file start-v1.cif (mmCIF, C-alpha atoms (C1' of nucleotides))
data_query
#
loop_
_atom_site.label_atom_id
_atom_site.label_comp_id
_atom_site.auth_asym_id
_atom_site.auth_seq_id
_atom_site.Cartn_x
_atom_site.Cartn_y
_atom_site.Cartn_z
CA MET A 56 -34.67 -85.70 160.29
CA ASN A 57 -33.27 -84.31 163.52
CA SER A 58 -29.88 -85.96 163.26
CA ILE A 59 -27.22 -86.01 160.62
CA LEU A 60 -27.44 -89.77 160.52
CA ASP A 61 -31.02 -89.54 159.38
CA GLN A 62 -29.83 -87.47 156.45
CA LEU A 63 -26.96 -89.64 155.37
CA MET A 64 -28.77 -92.93 155.75
CA LEU A 65 -31.92 -91.69 154.14
CA ASN A 66 -33.53 -94.60 152.32
CA PHE A 67 -30.68 -96.85 153.37
CA PRO A 68 -31.48 -98.25 156.82
CA LEU A 69 -28.54 -99.72 158.65
CA ASP A 70 -28.63 -102.38 161.28
CA LYS A 71 -28.68 -101.30 164.87
CA ILE A 72 -25.05 -102.00 165.65
CA ASP A 73 -23.81 -99.85 162.80
CA MET A 74 -26.10 -97.04 163.80
CA GLU A 75 -24.85 -97.05 167.37
CA LEU A 76 -21.24 -97.18 166.30
CA LEU A 77 -21.66 -94.24 163.98
CA GLN A 78 -23.70 -92.25 166.45
CA SER A 79 -20.96 -92.65 169.06
CA LYS A 80 -18.62 -90.65 166.81
CA ILE A 81 -20.93 -87.67 166.60
CA LYS A 82 -20.67 -84.98 169.23
CA THR A 83 -23.66 -82.87 170.12
CA LYS A 84 -22.92 -79.36 171.30
CA HIS A 85 -24.77 -76.25 172.36
CA VAL A 86 -23.33 -73.02 171.02
CA ALA A 87 -24.15 -69.50 172.13
CA LYS A 88 -25.23 -66.75 169.77
CA GLY A 89 -22.11 -65.28 168.22
CA GLU A 90 -19.91 -68.23 169.02
CA ILE A 91 -17.33 -68.93 166.35
CA LEU A 92 -16.91 -72.53 165.24
CA GLN A 93 -14.30 -72.05 162.62
CA MET A 94 -11.94 -69.27 161.57
CA LYS A 95 -10.37 -68.36 158.26
CA GLY A 96 -6.89 -69.81 157.90
CA GLU A 97 -7.60 -72.92 159.93
CA LEU A 98 -7.50 -76.38 158.46
CA SER A 99 -11.10 -77.44 158.64
CA ASN A 100 -11.93 -80.99 159.62
CA ASN A 101 -15.55 -80.74 160.59
CA PHE A 102 -19.06 -80.71 159.27
CA TYR A 103 -21.76 -79.08 161.36
CA PHE A 104 -25.33 -80.28 161.35
CA VAL A 105 -27.87 -77.85 162.78
CA LYS A 106 -30.42 -79.57 165.00
CA GLN A 107 -31.78 -76.33 166.35
CA GLY A 108 -30.89 -72.71 165.66
CA LEU A 109 -29.06 -70.96 162.83
CA LEU A 110 -25.44 -70.91 161.66
CA ARG A 111 -23.77 -69.03 158.85
CA SER A 112 -20.52 -69.12 156.90
CA TYR A 113 -18.92 -65.94 155.63
CA VAL A 114 -15.71 -64.36 154.37
CA ILE A 115 -14.05 -61.10 155.35
CA ASP A 116 -12.55 -59.30 152.37
CA ASP A 117 -9.47 -57.09 152.11
CA ASN A 118 -11.49 -54.05 153.18
CA GLY A 119 -12.70 -55.79 156.30
CA LYS A 120 -16.21 -56.29 154.97
CA GLU A 121 -18.21 -59.42 155.68
CA HIS A 122 -19.85 -61.36 152.86
CA ILE A 123 -22.21 -64.09 153.89
CA PHE A 124 -21.80 -67.28 152.01
CA MET A 125 -24.55 -69.45 153.36
CA PHE A 126 -27.20 -69.59 156.05
CA ALA A 127 -27.84 -72.94 157.73
CA PRO A 128 -31.11 -73.30 159.65
CA GLU A 129 -32.44 -76.49 161.22
CA GLY A 130 -31.77 -79.64 159.25
CA TRP A 131 -28.89 -78.18 157.23
CA ILE A 132 -25.25 -79.18 157.11
CA ILE A 133 -22.68 -76.42 156.94
CA ALA A 134 -18.95 -76.79 156.37
CA ASP A 135 -16.05 -75.63 154.26
CA ASN A 136 -16.19 -78.54 151.85
CA VAL A 137 -13.12 -77.31 150.03
CA SER A 138 -10.92 -77.18 153.11
CA ASN A 139 -12.26 -80.50 154.34
CA ALA A 140 -11.61 -82.26 151.08
CA ILE A 141 -8.23 -80.96 149.99
CA GLN A 142 -6.81 -79.72 153.27
CA VAL A 143 -6.14 -76.15 152.33
CA PRO A 144 -6.58 -73.38 154.91
CA SER A 145 -10.21 -72.39 155.11
CA GLU A 146 -11.37 -69.11 153.56
CA LEU A 147 -14.55 -69.18 155.60
CA PHE A 148 -15.64 -68.27 159.07
CA ILE A 149 -18.52 -70.22 160.58
CA ASP A 150 -20.46 -68.89 163.54
CA ALA A 151 -23.86 -68.99 165.22
CA LEU A 152 -26.48 -66.34 164.51
CA GLU A 153 -28.73 -67.81 167.20
CA ALA A 154 -28.13 -69.99 170.22
CA SER A 155 -28.00 -73.38 168.54
CA GLU A 156 -27.77 -77.08 169.10
CA ILE A 157 -25.50 -78.78 166.61
CA GLU A 158 -23.89 -82.07 165.77
CA ILE A 159 -20.19 -81.96 165.01
CA CYS A 160 -18.86 -84.60 162.66
CA ASN A 161 -15.20 -85.03 162.05
CA LYS A 162 -14.35 -85.59 158.41
CA HIS A 163 -12.72 -88.87 159.34
CA PHE A 164 -16.11 -90.00 160.48
CA PHE A 165 -17.38 -89.41 156.98
CA GLU A 166 -14.45 -91.16 155.42
CA GLU A 167 -15.01 -94.19 157.59
CA ALA A 168 -18.72 -94.19 156.95
CA MET A 169 -18.12 -93.90 153.21
CA ALA A 170 -15.63 -96.75 153.23
CA GLN A 171 -18.07 -98.99 155.06
CA HIS A 172 -21.31 -97.99 153.39
CA SER A 173 -21.25 -97.17 149.73
CA GLN A 174 -24.69 -95.59 150.04
CA VAL A 175 -23.14 -92.83 152.11
CA VAL A 176 -20.93 -91.97 149.17
CA ALA A 177 -23.94 -91.64 146.94
CA VAL A 178 -25.88 -89.51 149.40
CA SER A 179 -23.02 -87.17 150.26
CA THR A 180 -22.08 -86.76 146.61
CA LYS A 181 -25.65 -85.78 145.95
CA LYS A 182 -25.48 -83.21 148.72
CA LEU A 183 -22.28 -81.86 147.23
CA ILE A 184 -23.95 -81.52 143.87
CA ASN A 185 -26.93 -79.75 145.36
CA ARG A 186 -24.60 -77.29 147.05
CA MET A 187 -22.92 -76.79 143.71
CA ALA A 188 -26.22 -76.07 142.04
CA VAL A 189 -26.84 -73.33 144.60
CA LEU A 190 -23.42 -71.78 143.94
CA GLN A 191 -24.03 -72.03 140.21
CA ARG A 192 -27.32 -70.15 140.41
CA ARG A 193 -25.74 -67.62 142.72
CA VAL A 194 -22.99 -66.81 140.23
CA ILE A 195 -25.60 -66.36 137.52
CA MET A 196 -27.63 -64.11 139.84
CA LEU A 197 -24.65 -61.94 140.73
CA MET A 198 -23.72 -61.56 137.08
CA SER A 199 -27.09 -60.92 135.57
CA ALA A 200 -29.63 -59.70 138.13
CA SER A 201 -30.18 -56.31 139.75
CA ALA A 202 -30.12 -55.94 143.53
CA MET A 203 -33.91 -55.92 143.60
CA GLN A 204 -34.21 -59.07 141.52
CA ARG A 205 -31.72 -60.80 143.79
CA TYR A 206 -33.68 -59.76 146.86
CA GLU A 207 -36.94 -61.02 145.41
CA HIS A 208 -35.29 -64.30 144.54
CA PHE A 209 -33.97 -64.56 148.09
CA LEU A 210 -37.44 -63.94 149.48
CA GLU A 211 -38.85 -66.77 147.41
CA THR A 212 -36.02 -69.17 148.12
CA TYR A 213 -35.47 -68.57 151.84
CA PRO A 214 -38.70 -67.07 153.20
CA ASN A 215 -38.06 -68.60 156.62
CA ILE A 216 -34.63 -67.04 157.00
CA VAL A 217 -35.68 -63.51 156.18
CA GLN A 218 -37.54 -63.17 159.46
CA ARG A 219 -34.73 -64.52 161.58
CA VAL A 220 -31.72 -62.42 160.65
CA PRO A 221 -31.02 -58.67 160.62
CA GLN A 222 -31.52 -57.10 157.21
CA LYS A 223 -27.92 -56.07 156.99
CA MET A 224 -27.02 -59.75 156.85
CA ILE A 225 -29.39 -60.36 153.99
CA ALA A 226 -27.74 -57.43 152.26
CA SER A 227 -24.39 -59.05 152.95
CA TYR A 228 -25.63 -62.29 151.39
CA LEU A 229 -26.96 -60.45 148.34
CA GLY A 230 -23.74 -58.52 147.81
CA ILE A 231 -25.19 -55.05 148.42
CA THR A 232 -25.09 -52.47 151.22
CA PRO A 233 -27.69 -52.39 154.01
CA GLU A 234 -28.72 -48.92 152.83
CA ALA A 235 -29.41 -50.16 149.33
CA LEU A 236 -31.55 -53.00 150.63
CA SER A 237 -33.49 -50.62 152.83
CA LYS A 238 -34.29 -48.42 149.85
CA ILE A 239 -35.32 -51.40 147.74
CA ARG A 240 -37.69 -52.54 150.45
CA GLY A 241 -39.04 -49.05 150.87
CA GLY A 242 -39.77 -48.86 147.15
CA MET A 243 -41.42 -52.27 147.07
CA THR A 244 -43.85 -51.74 149.95
CA ARG A 245 -44.76 -48.27 148.77
CA LYS A 246 -45.66 -49.61 145.38
CA LYS A 247 -47.78 -52.36 146.89
CA MET B 97 -2.60 -86.36 130.07
CA ASN B 98 -4.14 -86.24 126.61
CA SER B 99 -7.06 -88.50 127.45
CA ILE B 100 -9.75 -88.41 130.08
CA LEU B 101 -8.68 -91.85 131.21
CA ASP B 102 -5.28 -90.48 132.14
CA GLN B 103 -7.01 -87.99 134.39
CA LEU B 104 -9.33 -90.37 136.13
CA MET B 105 -6.81 -93.13 136.64
CA LEU B 106 -4.07 -90.79 137.71
CA ASN B 107 -1.93 -92.60 140.26
CA PHE B 108 -4.11 -95.67 139.99
CA PRO B 109 -2.90 -97.75 137.06
CA LEU B 110 -5.37 -100.30 135.82
CA ASP B 111 -4.58 -103.46 134.03
CA LYS B 112 -4.68 -103.51 130.30
CA ILE B 113 -8.02 -105.22 129.90
CA ASP B 114 -9.82 -102.71 132.09
CA MET B 115 -8.23 -99.84 130.22
CA GLU B 116 -9.31 -101.14 126.86
CA LEU B 117 -12.82 -101.81 128.08
CA LEU B 118 -13.14 -98.29 129.42
CA GLN B 119 -11.54 -96.70 126.41
CA SER B 120 -14.04 -98.45 124.15
CA LYS B 121 -16.85 -96.48 125.80
CA ILE B 122 -15.30 -93.11 125.07
CA LYS B 123 -16.08 -91.41 121.80
CA THR B 124 -13.60 -89.02 120.24
CA LYS B 125 -15.08 -86.26 118.11
CA HIS B 126 -13.99 -83.26 116.11
CA VAL B 127 -16.18 -80.20 116.53
CA ALA B 128 -16.14 -77.06 114.43
CA LYS B 129 -15.81 -73.59 115.88
CA GLY B 130 -19.22 -72.48 117.08
CA GLU B 131 -20.67 -75.97 117.20
CA ILE B 132 -23.10 -76.43 120.06
CA LEU B 133 -22.72 -79.58 122.16
CA GLN B 134 -25.49 -78.97 124.63
CA MET B 135 -28.44 -76.63 124.91
CA LYS B 136 -30.28 -75.19 127.86
CA GLY B 137 -33.33 -77.24 128.74
CA GLU B 138 -31.87 -80.54 127.67
CA LEU B 139 -31.21 -83.37 130.06
CA SER B 140 -27.47 -83.57 130.09
CA ASN B 141 -25.83 -86.97 130.12
CA ASN B 142 -22.31 -86.17 129.01
CA PHE B 143 -18.94 -84.98 130.14
CA TYR B 144 -16.64 -83.42 127.59
CA PHE B 145 -12.89 -83.73 127.82
CA VAL B 146 -10.93 -81.27 125.67
CA LYS B 147 -7.98 -82.92 123.96
CA GLN B 148 -7.36 -79.99 121.68
CA GLY B 149 -9.09 -76.64 121.35
CA LEU B 150 -11.35 -74.63 123.61
CA LEU B 151 -14.92 -75.07 124.85
CA ARG B 152 -17.08 -72.91 127.06
CA SER B 153 -20.28 -73.18 129.05
CA TYR B 154 -22.63 -70.23 129.41
CA VAL B 155 -26.13 -69.13 130.27
CA ILE B 156 -28.47 -66.76 128.45
CA ASP B 157 -30.46 -64.59 130.82
CA ASP B 158 -33.97 -63.17 130.50
CA ASN B 159 -32.65 -60.17 128.57
CA GLY B 160 -30.95 -62.41 126.05
CA LYS B 161 -27.48 -61.69 127.34
CA GLU B 162 -24.79 -64.35 127.52
CA HIS B 163 -22.87 -64.96 130.72
CA ILE B 164 -19.90 -67.27 130.44
CA PHE B 165 -19.61 -69.77 133.19
CA MET B 166 -16.41 -71.54 132.40
CA PHE B 167 -13.70 -71.84 129.77
CA ALA B 168 -12.26 -75.28 129.11
CA PRO B 169 -8.94 -75.42 127.27
CA GLU B 170 -6.83 -78.54 126.62
CA GLY B 171 -6.84 -81.05 129.45
CA TRP B 172 -10.04 -79.78 131.06
CA ILE B 173 -13.35 -81.50 131.57
CA ILE B 174 -16.50 -79.48 131.02
CA ALA B 175 -20.05 -80.52 131.83
CA ASP B 176 -23.21 -79.51 133.58
CA ASN B 177 -22.52 -81.49 136.73
CA VAL B 178 -25.84 -80.53 138.22
CA SER B 179 -27.90 -81.78 135.31
CA ASN B 180 -25.79 -84.93 135.05
CA ALA B 181 -26.15 -85.78 138.69
CA ILE B 182 -29.74 -85.01 139.47
CA GLN B 183 -31.30 -85.13 136.03
CA VAL B 184 -32.83 -81.70 135.92
CA PRO B 185 -32.93 -79.78 132.64
CA SER B 186 -29.62 -78.07 132.04
CA GLU B 187 -29.31 -74.32 132.54
CA LEU B 188 -26.12 -74.23 130.51
CA PHE B 189 -25.13 -74.14 126.90
CA ILE B 190 -21.84 -75.73 125.92
CA ASP B 191 -20.16 -74.88 122.63
CA ALA B 192 -16.77 -74.68 120.94
CA LEU B 193 -14.84 -71.40 120.75
CA GLU B 194 -12.24 -73.03 118.53
CA ALA B 195 -12.24 -76.06 116.28
CA SER B 196 -11.64 -78.75 118.87
CA GLU B 197 -10.99 -82.40 119.39
CA ILE B 198 -12.88 -83.79 122.34
CA GLU B 199 -13.72 -86.98 124.14
CA ILE B 200 -17.37 -87.50 124.96
CA CYS B 201 -18.13 -89.61 128.02
CA ASN B 202 -21.61 -90.66 128.86
CA LYS B 203 -22.43 -90.35 132.51
CA HIS B 204 -23.22 -94.06 132.62
CA PHE B 205 -19.61 -94.63 131.74
CA PHE B 206 -18.64 -92.80 134.88
CA GLU B 207 -21.13 -94.65 136.97
CA GLU B 208 -19.82 -97.98 135.73
CA ALA B 209 -16.24 -96.95 136.23
CA MET B 210 -17.04 -95.75 139.73
CA ALA B 211 -18.82 -98.97 140.61
CA GLN B 212 -15.87 -101.02 139.42
CA HIS B 213 -13.00 -98.89 140.64
CA SER B 214 -13.38 -97.09 143.90
CA GLN B 215 -10.38 -94.91 143.05
CA VAL B 216 -12.43 -93.29 140.31
CA VAL B 217 -14.89 -92.17 142.96
CA ALA B 218 -12.11 -90.52 144.91
CA VAL B 219 -10.63 -88.79 141.88
CA SER B 220 -13.89 -87.51 140.48
CA THR B 221 -15.03 -86.31 143.90
CA LYS B 222 -11.81 -84.37 144.13
CA LYS B 223 -12.47 -82.83 140.74
CA LEU B 224 -15.95 -81.88 141.90
CA ILE B 225 -14.50 -80.23 144.99
CA ASN B 226 -11.98 -78.31 142.94
CA ARG B 227 -14.74 -77.04 140.71
CA MET B 228 -16.63 -76.02 143.81
CA ALA B 229 -13.61 -74.10 145.09
CA VAL B 230 -13.55 -72.14 141.83
CA LEU B 231 -17.25 -71.31 142.13
CA GLN B 232 -16.76 -70.32 145.76
CA ARG B 233 -13.99 -67.85 144.92
CA ARG B 234 -16.02 -66.55 142.02
CA VAL B 235 -18.96 -65.72 144.28
CA ILE B 236 -16.63 -63.89 146.65
CA MET B 237 -15.10 -62.01 143.71
CA LEU B 238 -18.46 -60.95 142.33
CA MET B 239 -19.60 -59.75 145.74
CA SER B 240 -16.50 -57.94 146.90
CA ALA B 241 -14.24 -56.95 144.01
CA SER B 242 -14.43 -54.13 141.45
CA ALA B 243 -14.43 -54.86 137.74
CA MET B 244 -10.73 -54.01 137.54
CA GLN B 245 -9.80 -56.28 140.41
CA ARG B 246 -11.75 -59.09 138.83
CA TYR B 247 -9.98 -58.56 135.53
CA GLU B 248 -6.55 -58.57 137.17
CA HIS B 249 -7.46 -61.74 139.00
CA PHE B 250 -8.55 -63.31 135.74
CA LEU B 251 -5.26 -62.34 134.09
CA GLU B 252 -3.31 -64.05 136.86
CA THR B 253 -5.50 -67.13 136.96
CA TYR B 254 -6.03 -67.78 133.25
CA PRO B 255 -3.17 -66.02 131.39
CA ASN B 256 -3.34 -68.57 128.58
CA ILE B 257 -7.01 -68.03 127.90
CA VAL B 258 -6.83 -64.27 127.61
CA GLN B 259 -5.01 -64.46 124.31
CA ARG B 260 -7.34 -66.99 122.78
CA VAL B 261 -10.80 -65.47 123.19
CA PRO B 262 -12.36 -62.16 122.17
CA GLN B 263 -12.33 -59.60 124.95
CA LYS B 264 -16.07 -59.40 124.97
CA MET B 265 -16.12 -62.97 126.19
CA ILE B 266 -13.78 -62.18 129.03
CA ALA B 267 -16.11 -59.32 129.89
CA SER B 268 -18.96 -61.79 129.82
CA TYR B 269 -17.08 -64.05 132.22
CA LEU B 270 -16.31 -61.17 134.55
CA GLY B 271 -19.90 -59.95 134.59
CA ILE B 272 -19.28 -56.57 132.94
CA THR B 273 -19.86 -55.03 129.52
CA PRO B 274 -17.27 -55.17 126.75
CA GLU B 275 -17.09 -51.37 126.83
CA ALA B 276 -16.24 -51.34 130.52
CA LEU B 277 -13.46 -53.87 130.01
CA SER B 278 -12.07 -51.86 127.13
CA LYS B 279 -11.87 -48.77 129.31
CA ILE B 280 -10.27 -50.68 132.17
CA ARG B 281 -7.61 -51.97 129.81
CA GLY B 282 -7.07 -48.52 128.37
CA GLY B 283 -6.53 -47.11 131.81
CA MET B 284 -4.16 -49.89 132.83
CA THR B 285 -1.84 -49.68 129.83
CA ARG B 286 -1.77 -45.90 129.94
CA LYS B 287 -0.75 -45.98 133.58
CA LYS B 288 1.98 -48.51 132.89
"C1'" DC C 48 -33.74 -44.24 181.56
"C1'" DG C 49 -30.01 -44.19 178.32
"C1'" DC C 50 -27.11 -46.67 175.48
"C1'" DG C 51 -25.96 -49.43 171.37
"C1'" DT C 52 -27.33 -51.68 167.40
"C1'" DG C 53 -30.06 -51.84 163.39
"C1'" DA C 54 -33.07 -49.53 160.02
"C1'" DT C 55 -34.20 -45.52 157.38
"C1'" DT C 56 -33.54 -41.44 154.61
"C1'" DG C 57 -31.12 -37.97 151.83
"C1'" DA C 58 -27.32 -35.92 149.15
"C1'" DA C 59 -23.24 -36.47 146.70
"C1'" DA C 60 -19.97 -39.32 144.42
"C1'" DC C 61 -18.69 -43.23 141.81
"C1'" DC C 62 -18.71 -47.10 138.93
"C1'" DC C 63 -20.65 -49.23 135.42
"C1'" DT C 64 -24.19 -49.44 131.71
"C1'" DT C 65 -26.35 -47.89 127.65
"C1'" DC C 66 -26.31 -45.90 123.32
"C1'" DA C 67 -23.97 -44.18 119.44
"C1'" DA C 68 -20.21 -43.38 116.42
"C1'" DG C 69 -15.83 -44.31 114.66
"C1'" DT C 70 -11.69 -47.32 114.19
"C1'" DT C 71 -9.24 -51.48 113.95
"C1'" DT C 72 -8.95 -56.32 113.15
"C1'" DA C 73 -10.09 -60.64 111.09
"C1'" DG C 74 -12.27 -63.55 107.86
"C1'" DT C 75 -14.03 -64.53 103.13
"C1'" DG C 76 -14.59 -64.66 98.30
"C1'" DG C 77 -12.97 -63.14 94.12
"C1'" DC D 48 -3.19 -61.62 97.53
"C1'" DC D 49 -6.18 -57.99 97.55
"C1'" DA D 50 -10.73 -56.03 98.48
"C1'" DC D 51 -14.72 -56.13 100.92
"C1'" DT D 52 -17.50 -57.05 104.83
"C1'" DA D 53 -18.57 -58.33 109.32
"C1'" DA D 54 -17.10 -58.56 113.81
"C1'" DA D 55 -14.47 -56.81 117.52
"C1'" DC D 56 -12.52 -53.05 119.88
"C1'" DT D 57 -12.27 -48.23 121.26
"C1'" DT D 58 -13.98 -43.81 122.72
"C1'" DG D 59 -17.29 -40.42 124.39
"C1'" DA D 60 -21.52 -38.59 126.50
"C1'" DA D 61 -25.45 -39.35 129.18
"C1'" DG D 62 -27.97 -41.98 132.54
"C1'" DG D 63 -28.89 -45.28 136.24
"C1'" DG D 64 -28.05 -48.07 140.09
"C1'" DT D 65 -25.35 -48.59 144.09
"C1'" DT D 66 -22.09 -46.92 147.42
"C1'" DT D 67 -20.53 -43.77 150.71
"C1'" DC D 68 -21.16 -40.64 154.29
"C1'" DA D 69 -23.93 -38.49 157.61
"C1'" DA D 70 -27.94 -37.63 160.23
"C1'" DT D 71 -32.11 -39.31 162.25
"C1'" DC D 72 -35.27 -42.62 163.94
"C1'" DA D 73 -36.77 -47.09 166.20
"C1'" DC D 74 -36.10 -50.55 169.35
"C1'" DG D 75 -34.49 -53.86 172.91
"C1'" DC D 76 -31.79 -54.49 176.86
"C1'" DG D 77 -28.94 -53.56 180.87
#
call {"tool": "encode", "arguments": {"input": "start-v1.cif", "output": "structure tokens"}}
result
Amino acid sequence: MNSILDQLMLNFPLDKIDMELLQSKIKTKHVAKGEILQMKGELSNNFYFVKQGLLRSYVIDDNGKEHIFMFAPEGWIIADNVSNAIQVPSELFIDALEASEIEICNKHFFEEAMAQHSQVVAVSTKKLINRMAVLQRRVIMLMSASAMQRYEHFLETYPNIVQRVPQKMIASYLGITPEALSKIRGGMTRKK
Amino acid sequence: MNSILDQLMLNFPLDKIDMELLQSKIKTKHVAKGEILQMKGELSNNFYFVKQGLLRSYVIDDNGKEHIFMFAPEGWIIADNVSNAIQVPSELFIDALEASEIEICNKHFFEEAMAQHSQVVAVSTKKLINRMAVLQRRVIMLMSASAMQRYEHFLETYPNIVQRVPQKMIASYLGITPEALSKIRGGMTRKK
DNA sequence: CGCGTGATTGAAACCCTTCAAGTTTAGTGG
DNA sequence: CCACTAAACTTGAAGGGTTTCAATCACGCG
């Protein structure tokens, strides 16, 4: 599971020639911490698979505040699916929170792969749906749960990410201020 | 555009036999105001196309409060895509806000149609992506915008729905209380 | 060592919720 | 078609959770 091909072909082994052809279209790249892969306003054409390290996508609102949309640690694919699919300017920035090794896949690669292997359609649709499920639960969370409940849910869902990013970024993901998160944490440990 | 087939086959005319075969799998139904089509916890297998009327999907949180996820007026498709795709119990209720005429499509219908007509895959993927774009903007809204900004955005985006549903349901969609929305409206009209 | 970034803490302000009461609107049965 | 009732909307006061602003502390890195 250290390549995007492993993910897309999961349970659907291809013959060797196909594999090599596909692999030749995938670029591997090392990115430095803080390096920006994609900016708001650009037409996105890429998917990024994280082999090693940590990426994130985020928006910057009218007041200049960052809101983190998604963290992508090892084994995850991150992209602006919307911009990729319907060719509208991206609303998202994507950058590296750690020095990372990634695979960059042009969307045309996917389109080709889908045309040639119907299993790829099934697998990528499933990934799309899973991403949608996350967004769905996140909307529910934001509408119905307090900051503390959201933080607890984040701890359960992404325990491995908590240790790797500054707390202010977790706050940004949860939709609260760093100060508020600090106070929540203070209250929780004191109670313990 | 008064049938789900029109939507899925858009720009891809099928021959008459195919059309009739597909149409035969689609059930048309009249539902009364308040009728529930799907409950939380069920395994969802259906998509609902609204020919006439208005449906909604919503969740009920731990405190018993409703949070509206989506309104579906004429021409829209509403479903729990997540439950349909990966066969987990649905988190959503779906019911009718008005007496409605709908088309009910079993997910196996879609799967057949997709297997037989690759264009259907393309069209339904696009619909999925569009739905994702809505969810994406909604997350951003909930994280970065005040109640009033969210309401104004809703007015711009769904001007036709505002007049058809009780305000408390718009409040429920926006993630605020009916009282808060009432005060926002009071302030806006007074200022005008 | 000293600087910059992140985390913490406190006080004040703000937005929204909760609760309660009163008013308007809409639906129903006579 | 009116009268009655329930539901929806409005309004106000009090309270809570979160933000904002500011000061302080902790830490890693040049």
call {"tool": "resolve_selection", "arguments": {"input": "start-v1.cif", "expression": "the PyMOL selection byres ((chain A) within 12 of (chain D))", "output": "list of chain:residue names"}}
result
A:Ala200, A:Ser201, A:Ala202, A:Met203, A:Gly230, A:Ile231, A:Thr232, A:Pro233, A:Glu234, A:Ala235, A:Leu236, A:Lys238, A:Ile239
call {"tool": "atom_distance", "arguments": {"input": "start-v1.cif", "atom1": "atom CA of Ser79 of chain A", "atom2": "atom CA of Asp150 of chain A"}}
result
24.4 Å
call {"tool": "interface_residues", "arguments": {"input": "start-v1.cif", "of": "chain C", "to": "chain A", "cutoff": "8 Å", "atoms": "all atoms listed in the file", "output": "list in words"}}
result
DG53, DA54 and DT55 of chain C
call {"tool": "closest_atom_pairs", "arguments": {"input": "start-v1.cif", "of": "chain A", "to": "chain B", "cutoff": "7 Å", "atoms": "all atoms listed in the file", "output": "tab-separated table"}}
result
residue	atom	partner	partner_atom	distance
A:Asp116	CA	B:Ser240	CA	6.9
A:Val137	CA	B:Ala229	CA	5.9
A:Ile184	CA	B:Val178	CA	6.0
A:Met187	CA	B:Met228	CA	6.3
A:Ala188	CA	B:Val178	CA	5.9
A:Leu190	CA	B:Leu231	CA	6.4
A:Val194	CA	B:Val235	CA	5.8
A:Leu197	CA	B:Leu238	CA	6.5
A:Met198	CA	B:Gly271	CA	4.8
A:Ser199	CA	B:Asp157	CA	6.9
A:Gly230	CA	B:Met239	CA	4.8
call {"tool": "atom_distance", "arguments": {"input": "start-v1.cif", "atom1": "atom CA of Gln103 of chain B", "atom2": "atom CA of His126 of chain B"}}
result
20.1 Å
call {"tool": "atom_distance", "arguments": {"input": "start-v1.cif", "atom1": "atom CA of Ala128 of chain B", "atom2": "atom CA of Ser196 of chain B"}}
result
6.5 Å
call {"tool": "residues_around", "arguments": {"input": "start-v1.cif", "residues": "Ala151 of chain A", "least_positions_apart": "2", "cutoff": "7 Å", "atoms": "only C-alpha atoms (C1' of nucleotides)", "output": "number ranges by chain"}}
result
A: 87-91, 109-111, 153-155
call {"tool": "residues_around", "arguments": {"input": "start-v1.cif", "residues": "Thr83 of chain A", "least_positions_apart": "4", "cutoff": "7 Å", "atoms": "all atoms listed in the file", "output": "mmCIF file with C-alpha atoms, in the coordinates of the input"}}
result
data_model
loop_
_atom_site.group_PDB
_atom_site.id
_atom_site.type_symbol
_atom_site.label_atom_id
_atom_site.label_comp_id
_atom_site.auth_asym_id
_atom_site.auth_seq_id
_atom_site.Cartn_x
_atom_site.Cartn_y
_atom_site.Cartn_z
ATOM 1 C CA ILE A 157 -25.500 -78.780 166.610
ATOM 2 C CA GLU A 158 -23.890 -82.070 165.770
ATOM 3 C CA ILE A 159 -20.190 -81.960 165.010
#
